Every structure is written in structure tokens, then in C-alpha cells.
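Structure, as C-alpha cells:
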Amino acid sequence: MNRTVAKILIWSALGCVVLFAAVFALGYYDGYRAAHSPGVAPREFPAWLFFLVIAGTMAGSIWVGAIWMRSIDEAAQEAHKSAWYWGGSCGLALGSVVALMAILPQAATFVLPTVLPDRTDPAAYMVTGAALMALVMIAGYGIAWVIWWLRRR
């Protein structure tokens, strides 16, 4: 294993440990406070804090992904680029067909589940649509990646 890959693995593991430790510490603190202060409910964390944690996690993921992409050989880079272009694009096209079907009058009678339990507000449906769109794009990527390597073996 070369040094760049080892550094990526170490930084990724460290980032996960820090993130999990921070979430555990906040949960432990709130649970302890609620257990030792009768009548005090666990507090709700502010949206800006949630946004900062998620944005920081995503920025770190992109940074580590860029370092990893530069560390692999040219054939592997081309496989990933081709798979994302063709597979991701085909997945996006397929997901868009389904999404655009929502404008049909018949779609008004559909009762759709969401990825957020017990929520049927517009935000829950938006998150569900985004998650499903990402899912078909990643599935297309995986299929295209396998095809790329099978053609070149």
C-alpha cells in the first residue's frame, strides 16, 4: 500500500472517530442532563449547528475523494470517470422520467412512503426523491463501472 492511500485511510478513520465521538458526547450530555434534572427535556440542537456538521463532513469527503482519485492509476481514474458519466447520466435520466411522471394528474392519487418515518410534508418527499435519485445514479455508476472493466479485461 502506498503512502497516499495509507494517509487517506488514516484521515478517513480519524474523521469518522471524531464525528462519532462528538455525536456520542452530545447525546451522552443531553441524556445525563435529562436524567439528573427532573422536568428538563433534552434540548433540540440548532439547525445551523447541524448544517455546519453536515457541510464539514461533505467538504471533508470531497477533499479525501480528490486525494484518493489522484492516487490511483490512470486506468482506474478513467473507469470511474466513464462510469460516473455514463452510469450516473443514465441513472439520472431514468430517475427523471419517474420524477416527471409526478406532474400527471394520476399521480395525485398515489400515496408514497418517505424515507423519514411518520412524515408526509413536502420536505420529507423532497428528501425521499433526492435519495431515490442518488440511488439510481449510483446503481447506474456501478453497472457502468463493471461493464468498463469487463470490456478491458
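Chain labels follow the order of the C-alpha cells: the first chain is A, the next B, and so on; residue numbering restarts at 1 in every chain, and ligands are counted from 1 in their shown order.
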
When DSSP works through the backbone of this structure, what residues of stretch 12-124 of chain A end up as alpha helix (DSSP H), shown as a PDB file with N, CA, C and O atoms, in the first residue's frame?
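Generated output (result07.pdb):
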ATOM      1  N   SER A  12      -9.499   9.322   6.967  1.00  0.00           N
ATOM      2  CA  SER A  12     -10.907   8.925   6.934  1.00  0.00           C
ATOM      3  C   SER A  12     -11.333   8.301   8.259  1.00  0.00           C
ATOM      4  O   SER A  12     -12.380   8.627   8.806  1.00  0.00           O
ATOM      5  N   ALA A  13     -10.509   7.399   8.774  1.00  0.00           N
ATOM      6  CA  ALA A  13     -10.821   6.760  10.056  1.00  0.00           C
ATOM      7  C   ALA A  13     -10.843   7.789  11.179  1.00  0.00           C
ATOM      8  O   ALA A  13     -11.748   7.775  12.027  1.00  0.00           O
ATOM      9  N   LEU A  14      -9.878   8.701  11.179  1.00  0.00           N
ATOM     10  CA  LEU A  14      -9.835   9.742  12.204  1.00  0.00           C
ATOM     11  C   LEU A  14     -11.074  10.643  12.128  1.00  0.00           C
ATOM     12  O   LEU A  14     -11.671  10.975  13.151  1.00  0.00           O
ATOM     13  N   GLY A  15     -11.467  11.014  10.915  1.00  0.00           N
ATOM     14  CA  GLY A  15     -12.669  11.835  10.747  1.00  0.00           C
ATOM     15  C   GLY A  15     -13.909  11.134  11.270  1.00  0.00           C
ATOM     16  O   GLY A  15     -14.752  11.745  11.934  1.00  0.00           O
ATOM     17  N   CYS A  16     -14.040   9.839  10.988  1.00  0.00           N
ATOM     18  CA  CYS A  16     -15.189   9.071  11.485  1.00  0.00           C
ATOM     19  C   CYS A  16     -15.181   9.002  13.010  1.00  0.00           C
ATOM     20  O   CYS A  16     -16.223   9.173  13.645  1.00  0.00           O
ATOM     21  N   VAL A  17     -14.014   8.758  13.588  1.00  0.00           N
ATOM     22  CA  VAL A  17     -13.908   8.679  15.047  1.00  0.00           C
ATOM     23  C   VAL A  17     -14.294  10.009  15.682  1.00  0.00           C
ATOM     24  O   VAL A  17     -15.058  10.045  16.658  1.00  0.00           O
ATOM     25  N   VAL A  18     -13.794  11.117  15.142  1.00  0.00           N
ATOM     26  CA  VAL A  18     -14.117  12.439  15.692  1.00  0.00           C
ATOM     27  C   VAL A  18     -15.608  12.726  15.567  1.00  0.00           C
ATOM     28  O   VAL A  18     -16.252  13.188  16.525  1.00  0.00           O
ATOM     29  N   LEU A  19     -16.183  12.446  14.401  1.00  0.00           N
ATOM     30  CA  LEU A  19     -17.611  12.695  14.197  1.00  0.00           C
ATOM     31  C   LEU A  19     -18.459  11.846  15.140  1.00  0.00           C
ATOM     32  O   LEU A  19     -19.366  12.354  15.804  1.00  0.00           O
ATOM     33  N   PHE A  20     -18.165  10.549  15.228  1.00  0.00           N
ATOM     34  CA  PHE A  20     -18.926   9.672  16.123  1.00  0.00           C
ATOM     35  C   PHE A  20     -18.738  10.059  17.585  1.00  0.00           C
ATOM     36  O   PHE A  20     -19.687  10.034  18.368  1.00  0.00           O
ATOM     37  N   ALA A  21     -17.533  10.435  17.955  1.00  0.00           N
ATOM     38  CA  ALA A  21     -17.272  10.838  19.340  1.00  0.00           C
ATOM     39  C   ALA A  21     -18.035  12.110  19.687  1.00  0.00           C
ATOM     40  O   ALA A  21     -18.588  12.230  20.791  1.00  0.00           O
ATOM     41  N   ALA A  22     -18.092  13.058  18.767  1.00  0.00           N
ATOM     42  CA  ALA A  22     -18.820  14.306  19.017  1.00  0.00           C
ATOM     43  C   ALA A  22     -20.313  14.030  19.180  1.00  0.00           C
ATOM     44  O   ALA A  22     -20.958  14.546  20.107  1.00  0.00           O
ATOM     45  N   VAL A  23     -20.874  13.204  18.296  1.00  0.00           N
ATOM     46  CA  VAL A  23     -22.300  12.872  18.400  1.00  0.00           C
ATOM     47  C   VAL A  23     -22.573  12.113  19.690  1.00  0.00           C
ATOM     48  O   VAL A  23     -23.553  12.390  20.404  1.00  0.00           O
ATOM     49  N   PHE A  24     -21.718  11.166  20.048  1.00  0.00           N
ATOM     50  CA  PHE A  24     -21.890  10.406  21.281  1.00  0.00           C
ATOM     51  C   PHE A  24     -21.814  11.334  22.497  1.00  0.00           C
ATOM     52  O   PHE A  24     -22.632  11.234  23.409  1.00  0.00           O
ATOM     53  N   ALA A  25     -20.834  12.235  22.509  1.00  0.00           N
ATOM     54  CA  ALA A  25     -20.663  13.140  23.652  1.00  0.00           C
ATOM     55  C   ALA A  25     -21.879  14.050  23.814  1.00  0.00           C
ATOM     56  O   ALA A  25     -22.356  14.259  24.941  1.00  0.00           O
ATOM     57  N   LEU A  26     -22.396  14.584  22.717  1.00  0.00           N
ATOM     58  CA  LEU A  26     -23.584  15.445  22.811  1.00  0.00           C
ATOM     59  C   LEU A  26     -24.792  14.656  23.302  1.00  0.00           C
ATOM     60  O   LEU A  26     -25.554  15.137  24.150  1.00  0.00           O
ATOM     61  N   GLY A  27     -24.970  13.446  22.783  1.00  0.00           N
ATOM     62  CA  GLY A  27     -26.079  12.613  23.232  1.00  0.00           C
ATOM     63  C   GLY A  27     -25.944  12.213  24.690  1.00  0.00           C
ATOM     64  O   GLY A  27     -26.915  12.226  25.456  1.00  0.00           O
ATOM     65  N   TYR A  28     -24.732  11.869  25.099  1.00  0.00           N
ATOM     66  CA  TYR A  28     -24.487  11.497  26.490  1.00  0.00           C
ATOM     67  C   TYR A  28     -24.767  12.676  27.414  1.00  0.00           C
ATOM     68  O   TYR A  28     -25.414  12.528  28.447  1.00  0.00           O
ATOM     69  N   TYR A  29     -24.291  13.859  27.032  1.00  0.00           N
ATOM     70  CA  TYR A  29     -24.512  15.060  27.837  1.00  0.00           C
ATOM     71  C   TYR A  29     -26.002  15.350  27.982  1.00  0.00           C
ATOM     72  O   TYR A  29     -26.484  15.603  29.093  1.00  0.00           O
ATOM     73  N   ASP A  30     -26.742  15.304  26.886  1.00  0.00           N
ATOM     74  CA  ASP A  30     -28.181  15.570  26.955  1.00  0.00           C
ATOM     75  C   ASP A  30     -28.903  14.518  27.784  1.00  0.00           C
ATOM     76  O   ASP A  30     -29.801  14.833  28.561  1.00  0.00           O
ATOM     77  N   GLY A  31     -28.529  13.250  27.620  1.00  0.00           N
ATOM     78  CA  GLY A  31     -29.153  12.186  28.400  1.00  0.00           C
ATOM     79  C   GLY A  31     -28.847  12.327  29.884  1.00  0.00           C
ATOM     80  O   GLY A  31     -29.733  12.163  30.735  1.00  0.00           O
ATOM     81  N   TYR A  32     -27.609  12.645  30.211  1.00  0.00           N
ATOM     82  CA  TYR A  32     -27.219  12.838  31.603  1.00  0.00           C
ATOM     83  C   TYR A  32     -27.968  14.010  32.212  1.00  0.00           C
ATOM     84  O   TYR A  32     -28.478  13.928  33.331  1.00  0.00           O
ATOM     85  N   ARG A  33     -28.057  15.113  31.466  1.00  0.00           N
ATOM     86  CA  ARG A  33     -28.751  16.304  31.948  1.00  0.00           C
ATOM     87  C   ARG A  33     -30.233  16.020  32.180  1.00  0.00           C
ATOM     88  O   ARG A  33     -30.811  16.417  33.200  1.00  0.00           O
ATOM     89  N   ALA A  34     -30.852  15.297  31.260  1.00  0.00           N
ATOM     90  CA  ALA A  34     -32.275  14.976  31.402  1.00  0.00           C
ATOM     91  C   ALA A  34     -32.508  14.019  32.564  1.00  0.00           C
ATOM     92  O   ALA A  34     -33.511  14.130  33.272  1.00  0.00           O
ATOM     93  N   ALA A  35     -31.592  13.079  32.799  1.00  0.00           N
ATOM     94  CA  ALA A  35     -31.757  12.105  33.873  1.00  0.00           C
ATOM     95  C   ALA A  35     -31.544  12.724  35.251  1.00  0.00           C
ATOM     96  O   ALA A  35     -32.159  12.309  36.227  1.00  0.00           O
ATOM     97  N   HIS A  36     -30.685  13.730  35.347  1.00  0.00           N
ATOM     98  CA  HIS A  36     -30.358  14.318  36.637  1.00  0.00           C
ATOM     99  C   HIS A  36     -31.053  15.650  36.913  1.00  0.00           C
ATOM    100  O   HIS A  36     -30.831  16.258  37.944  1.00  0.00           O
ATOM    101  N   ALA A  47     -30.401  24.369  14.037  1.00  0.00           N
ATOM    102  CA  ALA A  47     -30.236  23.959  12.647  1.00  0.00           C
ATOM    103  C   ALA A  47     -28.875  24.371  12.100  1.00  0.00           C
ATOM    104  O   ALA A  47     -28.271  23.648  11.313  1.00  0.00           O
ATOM    105  N   TRP A  48     -28.357  25.519  12.522  1.00  0.00           N
ATOM    106  CA  TRP A  48     -27.072  25.980  11.994  1.00  0.00           C
ATOM    107  C   TRP A  48     -25.947  25.035  12.395  1.00  0.00           C
ATOM    108  O   TRP A  48     -25.013  24.814  11.640  1.00  0.00           O
ATOM    109  N   LEU A  49     -26.041  24.438  13.611  1.00  0.00           N
ATOM    110  CA  LEU A  49     -25.018  23.501  14.049  1.00  0.00           C
ATOM    111  C   LEU A  49     -25.081  22.221  13.212  1.00  0.00           C
ATOM    112  O   LEU A  49     -24.065  21.694  12.779  1.00  0.00           O
ATOM    113  N   PHE A  50     -26.296  21.754  12.973  1.00  0.00           N
ATOM    114  CA  PHE A  50     -26.498  20.579  12.127  1.00  0.00           C
ATOM    115  C   PHE A  50     -25.939  20.851  10.730  1.00  0.00           C
ATOM    116  O   PHE A  50     -25.229  20.036  10.158  1.00  0.00           O
ATOM    117  N   PHE A  51     -26.240  22.025  10.173  1.00  0.00           N
ATOM    118  CA  PHE A  51     -25.756  22.408   8.850  1.00  0.00           C
ATOM    119  C   PHE A  51     -24.227  22.413   8.812  1.00  0.00           C
ATOM    120  O   PHE A  51     -23.618  21.898   7.873  1.00  0.00           O
ATOM    121  N   LEU A  52     -23.594  22.999   9.838  1.00  0.00           N
ATOM    122  CA  LEU A  52     -22.131  23.061   9.862  1.00  0.00           C
ATOM    123  C   LEU A  52     -21.500  21.672   9.916  1.00  0.00           C
ATOM    124  O   LEU A  52     -20.498  21.410   9.236  1.00  0.00           O
ATOM    125  N   VAL A  53     -22.073  20.782  10.707  1.00  0.00           N
ATOM    126  CA  VAL A  53     -21.525  19.425  10.811  1.00  0.00           C
ATOM    127  C   VAL A  53     -21.663  18.696   9.473  1.00  0.00           C
ATOM    128  O   VAL A  53     -20.710  18.077   8.981  1.00  0.00           O
ATOM    129  N   ILE A  54     -22.833  18.791   8.863  1.00  0.00           N
ATOM    130  CA  ILE A  54     -23.054  18.113   7.581  1.00  0.00           C
ATOM    131  C   ILE A  54     -22.176  18.728   6.490  1.00  0.00           C
ATOM    132  O   ILE A  54     -21.545  18.011   5.704  1.00  0.00           O
ATOM    133  N   ALA A  55     -22.121  20.066   6.414  1.00  0.00           N
ATOM    134  CA  ALA A  55     -21.298  20.732   5.397  1.00  0.00           C
ATOM    135  C   ALA A  55     -19.818  20.387   5.580  1.00  0.00           C
ATOM    136  O   ALA A  55     -19.106  20.128   4.603  1.00  0.00           O
ATOM    137  N   GLY A  56     -19.357  20.363   6.822  1.00  0.00           N
ATOM    138  CA  GLY A  56     -17.968  19.994   7.089  1.00  0.00           C
ATOM    139  C   GLY A  56     -17.675  18.555   6.702  1.00  0.00           C
ATOM    140  O   GLY A  56     -16.616  18.253   6.137  1.00  0.00           O
ATOM    141  N   THR A  57     -18.607  17.668   6.997  1.00  0.00           N
ATOM    142  CA  THR A  57     -18.439  16.259   6.637  1.00  0.00           C
ATOM    143  C   THR A  57     -18.391  16.092   5.121  1.00  0.00           C
ATOM    144  O   THR A  57     -17.542  15.364   4.592  1.00  0.00           O
ATOM    145  N   MET A  58     -19.271  16.776   4.414  1.00  0.00           N
ATOM    146  CA  MET A  58     -19.283  16.681   2.954  1.00  0.00           C
ATOM    147  C   MET A  58     -18.011  17.277   2.348  1.00  0.00           C
ATOM    148  O   MET A  58     -17.428  16.702   1.419  1.00  0.00           O
ATOM    149  N   ALA A  59     -17.571  18.417   2.851  1.00  0.00           N
ATOM    150  CA  ALA A  59     -16.349  19.040   2.340  1.00  0.00           C
ATOM    151  C   ALA A  59     -15.150  18.119   2.578  1.00  0.00           C
ATOM    152  O   ALA A  59     -14.301  17.946   1.692  1.00  0.00           O
ATOM    153  N   GLY A  60     -15.084  17.514   3.747  1.00  0.00           N
ATOM    154  CA  GLY A  60     -14.009  16.569   4.037  1.00  0.00           C
ATOM    155  C   GLY A  60     -14.061  15.354   3.128  1.00  0.00           C
ATOM    156  O   GLY A  60     -13.021  14.862   2.665  1.00  0.00           O
ATOM    157  N   SER A  61     -15.257  14.878   2.830  1.00  0.00           N
ATOM    158  CA  SER A  61     -15.409  13.728   1.938  1.00  0.00           C
ATOM    159  C   SER A  61     -14.918  14.053   0.535  1.00  0.00           C
ATOM    160  O   SER A  61     -14.242  13.242  -0.106  1.00  0.00           O
ATOM    161  N   ILE A  62     -15.258  15.231   0.054  1.00  0.00           N
ATOM    162  CA  ILE A  62     -14.812  15.642  -1.277  1.00  0.00           C
ATOM    163  C   ILE A  62     -13.291  15.788  -1.299  1.00  0.00           C
ATOM    164  O   ILE A  62     -12.622  15.366  -2.249  1.00  0.00           O
ATOM    165  N   TRP A  63     -12.728  16.359  -0.259  1.00  0.00           N
ATOM    166  CA  TRP A  63     -11.281  16.539  -0.166  1.00  0.00           C
ATOM    167  C   TRP A  63     -10.566  15.186  -0.182  1.00  0.00           C
ATOM    168  O   TRP A  63      -9.619  14.976  -0.937  1.00  0.00           O
ATOM    169  N   VAL A  64     -11.027  14.253   0.645  1.00  0.00           N
ATOM    170  CA  VAL A  64     -10.410  12.930   0.701  1.00  0.00           C
ATOM    171  C   VAL A  64     -10.611  12.199  -0.630  1.00  0.00           C
ATOM    172  O   VAL A  64      -9.700  11.536  -1.139  1.00  0.00           O
ATOM    173  N   GLY A  65     -11.799  12.353  -1.238  1.00  0.00           N
ATOM    174  CA  GLY A  65     -12.052  11.727  -2.537  1.00  0.00           C
ATOM    175  C   GLY A  65     -11.130  12.253  -3.626  1.00  0.00           C
ATOM    176  O   GLY A  65     -10.659  11.494  -4.482  1.00  0.00           O
ATOM    177  N   ALA A  66     -10.851  13.553  -3.603  1.00  0.00           N
ATOM    178  CA  ALA A  66      -9.945  14.141  -4.596  1.00  0.00           C
ATOM    179  C   ALA A  66      -8.529  13.613  -4.412  1.00  0.00           C
ATOM    180  O   ALA A  66      -7.838  13.288  -5.390  1.00  0.00           O
ATOM    181  N   ILE A  67      -8.088  13.503  -3.170  1.00  0.00           N
ATOM    182  CA  ILE A  67      -6.753  12.956  -2.903  1.00  0.00           C
ATOM    183  C   ILE A  67      -6.687  11.506  -3.375  1.00  0.00           C
ATOM    184  O   ILE A  67      -5.724  11.087  -4.023  1.00  0.00           O
ATOM    185  N   TRP A  68      -7.729  10.740  -3.077  1.00  0.00           N
ATOM    186  CA  TRP A  68      -7.763   9.338  -3.497  1.00  0.00           C
ATOM    187  C   TRP A  68      -7.744   9.229  -5.017  1.00  0.00           C
ATOM    188  O   TRP A  68      -7.016   8.410  -5.579  1.00  0.00           O
ATOM    189  N   MET A  69      -8.533  10.055  -5.705  1.00  0.00           N
ATOM    190  CA  MET A  69      -8.610   9.994  -7.167  1.00  0.00           C
ATOM    191  C   MET A  69      -7.243  10.267  -7.793  1.00  0.00           C
ATOM    192  O   MET A  69      -6.877   9.656  -8.784  1.00  0.00           O
ATOM    193  N   ARG A  70      -6.484  11.183  -7.193  1.00  0.00           N
ATOM    194  CA  ARG A  70      -5.147  11.479  -7.712  1.00  0.00           C
ATOM    195  C   ARG A  70      -4.150  10.354  -7.418  1.00  0.00           C
ATOM    196  O   ARG A  70      -3.124  10.261  -8.074  1.00  0.00           O
ATOM    197  N   SER A  71      -4.459   9.513  -6.423  1.00  0.00           N
ATOM    198  CA  SER A  71      -3.500   8.467  -6.030  1.00  0.00           C
ATOM    199  C   SER A  71      -3.659   7.176  -6.833  1.00  0.00           C
ATOM    200  O   SER A  71      -2.764   6.346  -6.810  1.00  0.00           O
ATOM    201  N   GLU A  74      -4.052   5.665 -13.919  1.00  0.00           N
ATOM    202  CA  GLU A  74      -4.863   6.304 -14.953  1.00  0.00           C
ATOM    203  C   GLU A  74      -6.022   5.424 -15.418  1.00  0.00           C
ATOM    204  O   GLU A  74      -7.121   5.920 -15.685  1.00  0.00           O
ATOM    205  N   ALA A  75      -5.821   4.126 -15.492  1.00  0.00           N
ATOM    206  CA  ALA A  75      -6.897   3.223 -15.917  1.00  0.00           C
ATOM    207  C   ALA A  75      -8.057   3.260 -14.929  1.00  0.00           C
ATOM    208  O   ALA A  75      -9.231   3.330 -15.324  1.00  0.00           O
ATOM    209  N   ALA A  76      -7.742   3.229 -13.651  1.00  0.00           N
ATOM    210  CA  ALA A  76      -8.795   3.284 -12.631  1.00  0.00           C
ATOM    211  C   ALA A  76      -9.506   4.635 -12.659  1.00  0.00           C
ATOM    212  O   ALA A  76     -10.733   4.707 -12.501  1.00  0.00           O
ATOM    213  N   GLN A  77      -8.740   5.714 -12.874  1.00  0.00           N
ATOM    214  CA  GLN A  77      -9.359   7.040 -12.992  1.00  0.00           C
ATOM    215  C   GLN A  77     -10.336   7.070 -14.154  1.00  0.00           C
ATOM    216  O   GLN A  77     -11.456   7.576 -14.029  1.00  0.00           O
ATOM    217  N   GLU A  78      -9.912   6.539 -15.302  1.00  0.00           N
ATOM    218  CA  GLU A  78     -10.782   6.528 -16.480  1.00  0.00           C
ATOM    219  C   GLU A  78     -12.018   5.667 -16.250  1.00  0.00           C
ATOM    220  O   GLU A  78     -13.111   6.010 -16.701  1.00  0.00           O
ATOM    221  N   ALA A  79     -11.864   4.559 -15.538  1.00  0.00           N
ATOM    222  CA  ALA A  79     -13.018   3.705 -15.236  1.00  0.00           C
ATOM    223  C   ALA A  79     -14.039   4.472 -14.408  1.00  0.00           C
ATOM    224  O   ALA A  79     -15.241   4.423 -14.688  1.00  0.00           O
ATOM    225  N   HIS A  80     -13.578   5.190 -13.406  1.00  0.00           N
ATOM    226  CA  HIS A  80     -14.500   5.935 -12.552  1.00  0.00           C
ATOM    227  C   HIS A  80     -15.143   7.107 -13.293  1.00  0.00           C
ATOM    228  O   HIS A  80     -16.346   7.354 -13.152  1.00  0.00           O
ATOM    229  N   LYS A  81     -14.348   7.814 -14.086  1.00  0.00           N
ATOM    230  CA  LYS A  81     -14.916   8.945 -14.838  1.00  0.00           C
ATOM    231  C   LYS A  81     -15.950   8.468 -15.853  1.00  0.00           C
ATOM    232  O   LYS A  81     -17.035   9.045 -15.968  1.00  0.00           O
ATOM    233  N   SER A  82     -15.622   7.409 -16.573  1.00  0.00           N
ATOM    234  CA  SER A  82     -16.544   6.874 -17.563  1.00  0.00           C
ATOM    235  C   SER A  82     -17.817   6.338 -16.897  1.00  0.00           C
ATOM    236  O   SER A  82     -18.932   6.584 -17.361  1.00  0.00           O
ATOM    237  N   SER A  89     -25.325   9.368 -15.611  1.00  0.00           N
ATOM    238  CA  SER A  89     -26.234  10.063 -16.532  1.00  0.00           C
ATOM    239  C   SER A  89     -27.447   9.210 -16.876  1.00  0.00           C
ATOM    240  O   SER A  89     -28.576   9.708 -16.920  1.00  0.00           O
ATOM    241  N   CYS A  90     -27.216   7.916 -17.126  1.00  0.00           N
ATOM    242  CA  CYS A  90     -28.349   7.026 -17.422  1.00  0.00           C
ATOM    243  C   CYS A  90     -29.260   6.877 -16.207  1.00  0.00           C
ATOM    244  O   CYS A  90     -30.490   6.861 -16.333  1.00  0.00           O
ATOM    245  N   GLY A  91     -28.664   6.778 -15.024  1.00  0.00           N
ATOM    246  CA  GLY A  91     -29.471   6.713 -13.807  1.00  0.00           C
ATOM    247  C   GLY A  91     -30.271   7.981 -13.596  1.00  0.00           C
ATOM    248  O   GLY A  91     -31.449   7.935 -13.216  1.00  0.00           O
ATOM    249  N   LEU A  92     -29.638   9.126 -13.850  1.00  0.00           N
ATOM    250  CA  LEU A  92     -30.344  10.405 -13.735  1.00  0.00           C
ATOM    251  C   LEU A  92     -31.491  10.486 -14.731  1.00  0.00           C
ATOM    252  O   LEU A  92     -32.584  10.946 -14.391  1.00  0.00           O
ATOM    253  N   ALA A  93     -31.268  10.025 -15.951  1.00  0.00           N
ATOM    254  CA  ALA A  93     -32.326  10.035 -16.966  1.00  0.00           C
ATOM    255  C   ALA A  93     -33.498   9.148 -16.541  1.00  0.00           C
ATOM    256  O   ALA A  93     -34.669   9.546 -16.651  1.00  0.00           O
ATOM    257  N   LEU A  94     -33.183   7.960 -16.042  1.00  0.00           N
ATOM    258  CA  LEU A  94     -34.244   7.051 -15.583  1.00  0.00           C
ATOM    259  C   LEU A  94     -35.007   7.654 -14.403  1.00  0.00           C
ATOM    260  O   LEU A  94     -36.241   7.659 -14.374  1.00  0.00           O
ATOM    261  N   GLY A  95     -34.274   8.189 -13.437  1.00  0.00           N
ATOM    262  CA  GLY A  95     -34.930   8.809 -12.286  1.00  0.00           C
ATOM    263  C   GLY A  95     -35.744  10.029 -12.682  1.00  0.00           C
ATOM    264  O   GLY A  95     -36.806  10.291 -12.100  1.00  0.00           O
ATOM    265  N   SER A  96     -35.283  10.769 -13.679  1.00  0.00           N
ATOM    266  CA  SER A  96     -36.009  11.957 -14.130  1.00  0.00           C
ATOM    267  C   SER A  96     -37.332  11.581 -14.789  1.00  0.00           C
ATOM    268  O   SER A  96     -38.331  12.303 -14.649  1.00  0.00           O
ATOM    269  N   VAL A  97     -37.345  10.472 -15.512  1.00  0.00           N
ATOM    270  CA  VAL A  97     -38.604  10.014 -16.114  1.00  0.00           C
ATOM    271  C   VAL A  97     -39.637   9.764 -15.023  1.00  0.00           C
ATOM    272  O   VAL A  97     -40.782  10.212 -15.099  1.00  0.00           O
ATOM    273  N   VAL A  98     -39.213   9.066 -13.984  1.00  0.00           N
ATOM    274  CA  VAL A  98     -40.128   8.776 -12.875  1.00  0.00           C
ATOM    275  C   VAL A  98     -40.541  10.075 -12.169  1.00  0.00           C
ATOM    276  O   VAL A  98     -41.714  10.270 -11.843  1.00  0.00           O
ATOM    277  N   ALA A  99     -39.585  10.971 -11.950  1.00  0.00           N
ATOM    278  CA  ALA A  99     -39.895  12.238 -11.275  1.00  0.00           C
ATOM    279  C   ALA A  99     -40.853  13.082 -12.101  1.00  0.00           C
ATOM    280  O   ALA A  99     -41.780  13.696 -11.561  1.00  0.00           O
ATOM    281  N   LEU A 100     -40.655  13.118 -13.417  1.00  0.00           N
ATOM    282  CA  LEU A 100     -41.529  13.927 -14.269  1.00  0.00           C
ATOM    283  C   LEU A 100     -42.924  13.342 -14.394  1.00  0.00           C
ATOM    284  O   LEU A 100     -43.879  14.052 -14.708  1.00  0.00           O
ATOM    285  N   PRO A 122     -43.895  18.257   2.505  1.00  0.00           N
ATOM    286  CA  PRO A 122     -43.115  18.404   1.266  1.00  0.00           C
ATOM    287  C   PRO A 122     -41.614  18.150   1.435  1.00  0.00           C
ATOM    288  O   PRO A 122     -40.974  17.585   0.550  1.00  0.00           O
ATOM    289  N   ALA A 123     -41.035  18.553   2.561  1.00  0.00           N
ATOM    290  CA  ALA A 123     -39.601  18.339   2.774  1.00  0.00           C
ATOM    291  C   ALA A 123     -39.279  16.847   2.828  1.00  0.00           C
ATOM    292  O   ALA A 123     -38.247  16.408   2.306  1.00  0.00           O
ATOM    293  N   ALA A 124     -40.154  16.049   3.442  1.00  0.00           N
ATOM    294  CA  ALA A 124     -39.926  14.604   3.516  1.00  0.00           C
ATOM    295  C   ALA A 124     -39.966  13.983   2.127  1.00  0.00           C
ATOM    296  O   ALA A 124     -39.151  13.110   1.805  1.00  0.00           O
TER     297      ALA A 124
END

**Study point:** Gap from atom CA of A:Leu9 to atom CA of A:Arg153 - Å, one decimal
**Key:** 28.0 Å

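Atom CA of A:Leu135 sits 12.5 Å away from atom CA of A:Val115.
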
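The coordinates place atom CA of A:Gly88 at 18.1 Å from atom CA of A:Thr128.
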
Practice item. Mind checking which residues fall within 12 Å of A:Ile147, counting only C-alpha atoms, ignoring those fewer than 3 positions away in the same chain, and posting them as number ranges by chain? Key: A: 79-80, 82-83, 86-87, 140-144, 150-153

Just N, CA and C atoms for this one: save the residues we selected as a CSV table (one decimal), in the first residue's frame.
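As written to disk, part_33.csv reads:
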chain,number,residue,atom,x,y,z
A,79,ALA,N,-11.9,4.6,-15.5
A,79,ALA,CA,-13.0,3.7,-15.2
A,79,ALA,C,-14.0,4.5,-14.4
A,80,HIS,N,-13.6,5.2,-13.4
A,80,HIS,CA,-14.5,5.9,-12.6
A,80,HIS,C,-15.1,7.1,-13.3
A,82,SER,N,-15.6,7.4,-16.6
A,82,SER,CA,-16.5,6.9,-17.6
A,82,SER,C,-17.8,6.3,-16.9
A,83,ALA,N,-17.6,5.6,-15.8
A,83,ALA,CA,-18.8,5.1,-15.1
A,83,ALA,C,-19.7,6.1,-14.5
A,86,TRP,N,-21.4,7.9,-17.8
A,86,TRP,CA,-22.4,7.1,-18.5
A,86,TRP,C,-23.4,6.5,-17.5
A,87,GLY,N,-23.0,5.9,-16.5
A,87,GLY,CA,-23.9,5.3,-15.5
A,87,GLY,C,-24.7,6.3,-14.7
A,140,GLY,N,-26.5,3.0,-11.5
A,140,GLY,CA,-26.0,3.1,-12.9
A,140,GLY,C,-24.5,3.2,-13.0
A,141,TYR,N,-23.9,3.9,-12.0
A,141,TYR,CA,-22.5,4.0,-11.9
A,141,TYR,C,-21.9,2.7,-11.7
A,142,GLY,N,-22.4,1.9,-10.8
A,142,GLY,CA,-21.9,0.6,-10.5
A,142,GLY,C,-22.0,-0.4,-11.7
A,143,ILE,N,-23.1,-0.3,-12.4
A,143,ILE,CA,-23.2,-1.2,-13.6
A,143,ILE,C,-22.2,-0.7,-14.7
A,144,ALA,N,-22.1,0.6,-14.9
A,144,ALA,CA,-21.2,1.1,-16.0
A,144,ALA,C,-19.8,0.8,-15.6
A,150,LEU,N,-15.0,-5.0,-17.6
A,150,LEU,CA,-15.2,-6.3,-18.3
A,150,LEU,C,-14.8,-6.2,-19.8
A,151,ARG,N,-15.0,-5.0,-20.3
A,151,ARG,CA,-14.6,-4.7,-21.7
A,151,ARG,C,-13.1,-4.7,-21.9
A,152,ARG,N,-12.4,-4.3,-20.9
A,152,ARG,CA,-10.9,-4.1,-20.9
A,152,ARG,C,-10.1,-5.3,-20.3
A,153,ARG,N,-10.8,-6.3,-19.9
A,153,ARG,CA,-10.0,-7.5,-19.4
A,153,ARG,C,-9.8,-8.6,-20.4

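Residue nearest A:Trp84 within the list A:Ile10, A:Val136, A:Val127, A:Ala102: A:Val136 [criterion: smallest interatomic distance, only C-alpha atoms].
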
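Residue nearest A:Tyr125, chosen from A:Ile138, A:Leu112, A:Met101, A:Val5 and counting only C-alpha atoms: A:Leu112.
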